[in-house]
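Q: The structure's right below; bear with me while I get my questions together.
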Amino acid sequence: MRTPQAPSVLDSRSEIANQVERVCLEAPIPVDVHTHLYSPRFGDLLLWGFDELVTYHYLIAEVCRTNRAVSPDAYYALSKREQADHIWRSLFLDESPISEARRGVLTALQAFGLDVESRDLEQYREFFASTTVEEHVDRVFAAANVEKVVMTNDPFDDQERPIWEQQGLETDDRFLAALRIDKILVTWHEAQPVLSGWGYDVAADLSGDTLSEVRRFLTDWAGRIHPVYLAVSLASSFAYPSDDPSTLLIDEAVIPVCRELGVPFAPMLGVKRLINPALQLAGDGVGKCDIAALERLCANHADVSFFVTLLSRENQHELCVAARKFPNLMPFGCWWFLNDPSLIEEMTRMRVELLGLSFVAQHSDCRILDQLVYKWRHFRPILAKVLTDKYLDLFATGWQLTTEQIEADVHALLGGNFLDMLGR
Ligand code: RAT
Ligand code: ZN
């Protein structure tokens with residue numbers, strides 16, 4: 001019989017620092033809680049490769065300000081390959097690629113063993129052309145050390161819907177589904193005729209059986225995709241309660257379905273949509289949201305979990321305070337414009353100080369498979385830095401730390417807390 005190993009007590013500052021760094025750099029990510037990735041069976045919906053990587057919408061916004069000789073309209077009129085050539089030239093060759101999104105491209109290329117120093121995009125393209133998507137999914141998951149990712153699944157998407165309808169449940173267990181319901185909550189006037197066309201008896205003014213029919217629609221889709229949460233991106237101006245259809249739809253359709261399924265509702269708040277429409281997908285901005293709306297949601301539905309990320313830096317402290325008051329509120333990730341090292345460090349530090357370990361520290365929001373590598377490689381050392389400081393503060397009081405406890409703490413922050421919330 002094996003005797004259980006004694007927990008390894010860490011008895012010096014340097015030992016603690018070394019172990020925290022090792023654990024943060026090496027721990028598998030149990031689940032990346034929000035991405036826009038798809039499994040290979042979704043075909044073209046799964047974006048990957050050099051041209052996709054450099055035409056990420058974060059880089060489109062950068063190229064349109066860095067090289068104003070090419071207008072947004074002219075940029076979008078180019079082929080994907082020409083867009084990639086233009087971005088590579090303007091953002092990587094004409095100046096140092098110092099921004100976070102540009103650095104990310106280089107981190108990904110380097111991780112695949114490509115020679116970043118050569119600056120030879122044809123060599124990069126050849127590398128991707130010579131691999132299969134299945135091989136590349138394995139390669140990327142291994143390089144990022146990610147076990148599972150949550151997709152963003154929209155039944156209103158005409159390319160995505162038939163795949164679920166024809167092929168049924170996802171079979172690659174690295175890919176979990178999330179039911180995205182922006183169409184219903186943000187643009188009900190557009191969703192209503194579509195739902196009607198699909199045989200749901202819904203009225204624009206929410207009268208009659210509309211709310212139970214929306215519940216039926218959500219339940220049908222939940223049966224089809226088995227979502228780990230229901231999600232929506234809400235504008236910074238989102239108000240709750242309000243006269244907008246979203247209030248009744250949330251209270252009477254979304255929340256009851258989440259309760260029934262035992263999954264969280266994941267509102268993501270703070271976008272200002274298309275402040276520059278010419279930039280298309282790259283044209284959204286940020287606004288501070290009203291934290292009271294979120295507080296009221298959590299208070300009105302104490303038996304449902306809210307899995308929340310906010311886009312504005314100015315909202316982050318309020319979010320932590322709200323989470324202290326509402327145990328059913330779990331903050332996650334450093335979203336989009338906050339996914340920059342200085343802001344990640346600030347937010348992670350503040351969250352640890354106010355919430356201990358009861359949040360999910362990061363998600364990747366990847367749209368392109370290859371980004372999984374850089375989003376996590378850039379995050380891990382920041383987590384190590386913050387946690388090292390915190391553990392050393394504990395050590396200074398005489399508190400004893402073990403490697404096992406640090407591993408458990410890091411696992412929780414990297415997504416274990418999300419799995420616990422689901423009871424998995
Ligand atoms: O981060 C992004 O790529 C944004 O464009 C959005 O997709 C956002 O993350 C969202 O999920 O709405
Ligand atoms: Zn997203």
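We label chains A, B, ... in the order they appear in the structure tokens, count residues from 1 in each chain, and number ligands from 1 in the order shown.
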List all protein, DNA and RNA residues that have an atom no more than 7 Å from any atom of ligand 2, counting only C-alpha atoms and all ligand atoms, and report them as a VMD selection string.

A: chain A and resid 34 to 36 365

Q: Pull N, CA, C and O atoms from the residues just selected and write them as a PDB file, in the first residue's frame.

A:
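This went into out.pdb:
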ATOM      1  N   HIS A  34     -14.555  31.446 -22.101  1.00  0.00           N
ATOM      2  CA  HIS A  34     -15.256  32.140 -23.199  1.00  0.00           C
ATOM      3  C   HIS A  34     -14.317  32.338 -24.387  1.00  0.00           C
ATOM      4  O   HIS A  34     -13.301  33.021 -24.291  1.00  0.00           O
ATOM      5  N   THR A  35     -14.682  31.690 -25.486  1.00  0.00           N
ATOM      6  CA  THR A  35     -13.940  31.862 -26.738  1.00  0.00           C
ATOM      7  C   THR A  35     -14.963  31.967 -27.870  1.00  0.00           C
ATOM      8  O   THR A  35     -16.162  31.759 -27.663  1.00  0.00           O
ATOM      9  N   HIS A  36     -14.436  32.254 -29.052  1.00  0.00           N
ATOM     10  CA  HIS A  36     -15.267  32.206 -30.257  1.00  0.00           C
ATOM     11  C   HIS A  36     -14.745  31.099 -31.174  1.00  0.00           C
ATOM     12  O   HIS A  36     -14.875  31.179 -32.381  1.00  0.00           O
ATOM     13  N   ASP A 365     -11.159  34.691 -25.063  1.00  0.00           N
ATOM     14  CA  ASP A 365     -11.934  35.370 -26.105  1.00  0.00           C
ATOM     15  C   ASP A 365     -11.364  35.162 -27.508  1.00  0.00           C
ATOM     16  O   ASP A 365     -11.625  35.932 -28.427  1.00  0.00           O
TER      17      ASP A 365
END

Q: Using only C-alpha atoms and all ligand atoms, find each residue with an atom at most 7 Å away from ligand 1 and format the answer as a list in words.

A: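 Final answer, ordered by chain and number: Ser233, Leu281, Trp335, Trp336, Asp365, Cys366 and Arg367 of chain A.
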
Q: Measure the distance from atom CA of A:Ser99 to atom CA of A:Cys320 in Å and round it to one decimal.

A: 27.9 Å

Q: Taking a cut-off of 12 Å and counting only C-alpha atoms, can you build a table that, for each residue of stretch 259-354 of chain A near stretch 378-382 of chain A, reports the nearest atom pair and how far apart they are in Å (one decimal), sorted by chain then residue number, as a tab-separated table?

A:
residue	atom	partner	partner_atom	distance
A:Gly333	CA	A:Phe379	CA	10.6
A:Cys334	CA	A:Phe379	CA	9.9
A:Leu338	CA	A:Phe379	CA	12.0
A:Asn339	CA	A:Phe379	CA	8.9
A:Asp340	CA	A:His378	CA	9.0
A:Pro341	CA	A:Ile382	CA	7.2
A:Ser342	CA	A:Ile382	CA	8.9
A:Leu343	CA	A:Ile382	CA	10.2
A:Ile344	CA	A:Ile382	CA	7.5
A:Glu345	CA	A:Ile382	CA	6.0
A:Glu346	CA	A:Ile382	CA	9.8
A:Met347	CA	A:Ile382	CA	10.7
A:Thr348	CA	A:Ile382	CA	8.6
A:Arg349	CA	A:Ile382	CA	9.7

Q: The selected residues should be written to file as a PDB file, in the first residue's frame (atoms: N, CA, C and O atoms).

A:
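Dumped everything to out_23.pdb:
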ATOM      1  N   GLY A 333     -12.552  36.793 -16.131  1.00  0.00           N
ATOM      2  CA  GLY A 333     -11.768  37.294 -17.251  1.00  0.00           C
ATOM      3  C   GLY A 333     -11.461  38.782 -17.299  1.00  0.00           C
ATOM      4  O   GLY A 333     -12.001  39.584 -16.545  1.00  0.00           O
ATOM      5  N   CYS A 334     -10.539  39.098 -18.184  1.00  0.00           N
ATOM      6  CA  CYS A 334     -10.144  40.480 -18.459  1.00  0.00           C
ATOM      7  C   CYS A 334     -10.430  40.655 -19.946  1.00  0.00           C
ATOM      8  O   CYS A 334      -9.670  40.207 -20.800  1.00  0.00           O
ATOM      9  N   LEU A 338      -9.478  45.097 -22.080  1.00  0.00           N
ATOM     10  CA  LEU A 338      -8.813  44.943 -20.773  1.00  0.00           C
ATOM     11  C   LEU A 338      -7.766  43.849 -20.820  1.00  0.00           C
ATOM     12  O   LEU A 338      -7.062  43.622 -19.835  1.00  0.00           O
ATOM     13  N   ASN A 339      -7.685  43.173 -21.973  1.00  0.00           N
ATOM     14  CA  ASN A 339      -6.754  42.051 -22.055  1.00  0.00           C
ATOM     15  C   ASN A 339      -5.349  42.543 -22.411  1.00  0.00           C
ATOM     16  O   ASN A 339      -4.773  42.174 -23.430  1.00  0.00           O
ATOM     17  N   ASP A 340      -4.824  43.401 -21.577  1.00  0.00           N
ATOM     18  CA  ASP A 340      -3.493  43.983 -21.742  1.00  0.00           C
ATOM     19  C   ASP A 340      -2.761  43.817 -20.421  1.00  0.00           C
ATOM     20  O   ASP A 340      -3.378  43.987 -19.356  1.00  0.00           O
ATOM     21  N   PRO A 341      -1.454  43.516 -20.478  1.00  0.00           N
ATOM     22  CA  PRO A 341      -0.765  43.129 -19.248  1.00  0.00           C
ATOM     23  C   PRO A 341      -0.957  44.089 -18.066  1.00  0.00           C
ATOM     24  O   PRO A 341      -1.205  43.642 -16.946  1.00  0.00           O
ATOM     25  N   SER A 342      -0.868  45.380 -18.297  1.00  0.00           N
ATOM     26  CA  SER A 342      -0.952  46.303 -17.150  1.00  0.00           C
ATOM     27  C   SER A 342      -2.339  46.229 -16.518  1.00  0.00           C
ATOM     28  O   SER A 342      -2.490  46.270 -15.291  1.00  0.00           O
ATOM     29  N   LEU A 343      -3.369  46.114 -17.348  1.00  0.00           N
ATOM     30  CA  LEU A 343      -4.736  46.084 -16.820  1.00  0.00           C
ATOM     31  C   LEU A 343      -5.061  44.723 -16.201  1.00  0.00           C
ATOM     32  O   LEU A 343      -5.752  44.638 -15.184  1.00  0.00           O
ATOM     33  N   ILE A 344      -4.528  43.688 -16.803  1.00  0.00           N
ATOM     34  CA  ILE A 344      -4.752  42.345 -16.235  1.00  0.00           C
ATOM     35  C   ILE A 344      -4.139  42.284 -14.831  1.00  0.00           C
ATOM     36  O   ILE A 344      -4.744  41.768 -13.889  1.00  0.00           O
ATOM     37  N   GLU A 345      -2.955  42.831 -14.721  1.00  0.00           N
ATOM     38  CA  GLU A 345      -2.298  42.770 -13.405  1.00  0.00           C
ATOM     39  C   GLU A 345      -3.102  43.554 -12.367  1.00  0.00           C
ATOM     40  O   GLU A 345      -3.366  43.069 -11.259  1.00  0.00           O
ATOM     41  N   GLU A 346      -3.503  44.736 -12.756  1.00  0.00           N
ATOM     42  CA  GLU A 346      -4.279  45.576 -11.826  1.00  0.00           C
ATOM     43  C   GLU A 346      -5.581  44.871 -11.400  1.00  0.00           C
ATOM     44  O   GLU A 346      -5.917  44.810 -10.212  1.00  0.00           O
ATOM     45  N   MET A 347      -6.285  44.327 -12.385  1.00  0.00           N
ATOM     46  CA  MET A 347      -7.578  43.689 -12.077  1.00  0.00           C
ATOM     47  C   MET A 347      -7.397  42.429 -11.244  1.00  0.00           C
ATOM     48  O   MET A 347      -8.172  42.159 -10.321  1.00  0.00           O
ATOM     49  N   THR A 348      -6.376  41.642 -11.588  1.00  0.00           N
ATOM     50  CA  THR A 348      -6.190  40.369 -10.885  1.00  0.00           C
ATOM     51  C   THR A 348      -5.806  40.634  -9.427  1.00  0.00           C
ATOM     52  O   THR A 348      -6.303  39.982  -8.501  1.00  0.00           O
ATOM     53  N   ARG A 349      -4.940  41.618  -9.245  1.00  0.00           N
ATOM     54  CA  ARG A 349      -4.519  41.995  -7.890  1.00  0.00           C
ATOM     55  C   ARG A 349      -5.736  42.445  -7.060  1.00  0.00           C
ATOM     56  O   ARG A 349      -5.952  42.021  -5.936  1.00  0.00           O
TER      57      ARG A 349
END

Q: Pick out the closest residue to A:Ile250 from this set: A:Ile181, A:Leu310, A:Val286, A:Val9. Count only C-alpha atoms.

A: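 When distances to A:Ile250 are compared using only C-alpha atoms, the smallest one comes from A:Ile181.
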
Q: Might you pull out every residue within 12 Å of A:Pro28, with only C-alpha atoms counted and same-chain residues fewer than 6 positions away left off, and present them as a list of chain:residue names?

A: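 Residues meeting the cut-off are A:Arg22, A:Phe141, A:Ala142, A:Ala143, A:Ala144, A:Asn145, A:Val146, A:Glu147, A:Lys148, A:Trp376, A:Arg377, A:Arg380, A:Glu407, A:Ala408, A:Val410, A:His411, A:Ala412, A:Leu413, A:Leu414, A:Gly415, A:Gly416.
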
Q: Print the selection's residues with N, CA and C atoms to a file, as a compact mmCIF listing (two decimals), in the first residue's frame.

A:
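Result file follows (again-v7.txt):
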# COMPACT_ATOMS: atom_id res chain seq x y z
N ARG A 22 6.33 28.22 -11.14
CA ARG A 22 6.23 26.93 -11.85
C ARG A 22 4.77 26.53 -12.03
N PHE A 141 -3.84 23.23 -28.61
CA PHE A 141 -4.26 22.90 -27.24
C PHE A 141 -3.05 22.48 -26.40
N ALA A 142 -2.13 21.75 -27.03
CA ALA A 142 -0.95 21.32 -26.28
C ALA A 142 -0.05 22.52 -25.94
N ALA A 143 0.17 23.39 -26.93
CA ALA A 143 1.07 24.53 -26.70
C ALA A 143 0.49 25.50 -25.67
N ALA A 144 -0.83 25.63 -25.67
CA ALA A 144 -1.46 26.54 -24.69
C ALA A 144 -1.69 25.84 -23.36
N ASN A 145 -1.59 24.51 -23.37
CA ASN A 145 -1.90 23.70 -22.19
C ASN A 145 -3.32 23.98 -21.68
N VAL A 146 -4.24 23.92 -22.62
CA VAL A 146 -5.66 24.15 -22.33
C VAL A 146 -6.39 22.82 -22.52
N GLU A 147 -7.25 22.46 -21.57
CA GLU A 147 -7.95 21.18 -21.68
C GLU A 147 -9.27 21.29 -22.44
N LYS A 148 -10.02 22.37 -22.13
CA LYS A 148 -11.32 22.55 -22.78
C LYS A 148 -11.54 24.03 -23.07
N TRP A 376 -2.94 32.78 -23.36
CA TRP A 376 -2.59 32.13 -22.09
C TRP A 376 -1.12 32.30 -21.75
N ARG A 377 -0.25 32.26 -22.74
CA ARG A 377 1.18 32.45 -22.42
C ARG A 377 1.45 33.84 -21.87
N ARG A 380 -0.12 33.88 -17.98
CA ARG A 380 0.43 33.06 -16.89
C ARG A 380 1.47 33.80 -16.02
N GLU A 407 -1.27 24.72 -5.89
CA GLU A 407 -1.81 24.11 -7.12
C GLU A 407 -3.33 24.16 -7.13
N ALA A 408 -3.93 23.87 -5.99
CA ALA A 408 -5.40 23.89 -5.92
C ALA A 408 -5.92 25.31 -6.12
N VAL A 410 -4.52 27.79 -7.80
CA VAL A 410 -4.32 28.21 -9.19
C VAL A 410 -5.34 27.51 -10.10
N HIS A 411 -5.57 26.25 -9.84
CA HIS A 411 -6.57 25.50 -10.62
C HIS A 411 -7.93 26.19 -10.53
N ALA A 412 -8.30 26.62 -9.32
CA ALA A 412 -9.60 27.30 -9.14
C ALA A 412 -9.64 28.56 -9.98
N LEU A 413 -8.58 29.35 -9.92
CA LEU A 413 -8.57 30.63 -10.65
C LEU A 413 -8.55 30.44 -12.16
N LEU A 414 -7.96 29.35 -12.62
CA LEU A 414 -7.84 29.13 -14.07
C LEU A 414 -9.08 28.48 -14.68
N GLY A 415 -10.12 28.30 -13.89
CA GLY A 415 -11.35 27.74 -14.45
C GLY A 415 -12.01 26.70 -13.57
N GLY A 416 -11.28 26.18 -12.57
CA GLY A 416 -11.88 25.21 -11.65
C GLY A 416 -13.13 25.78 -10.99

Q: Quick one: everything within 7 Å of A:Leu329, counting only C-alpha atoms, minus sequence neighbours fewer than 6 positions away in the same chain. Send it as a PyMOL selection string.

A: chain A and resi 298+305-307+323
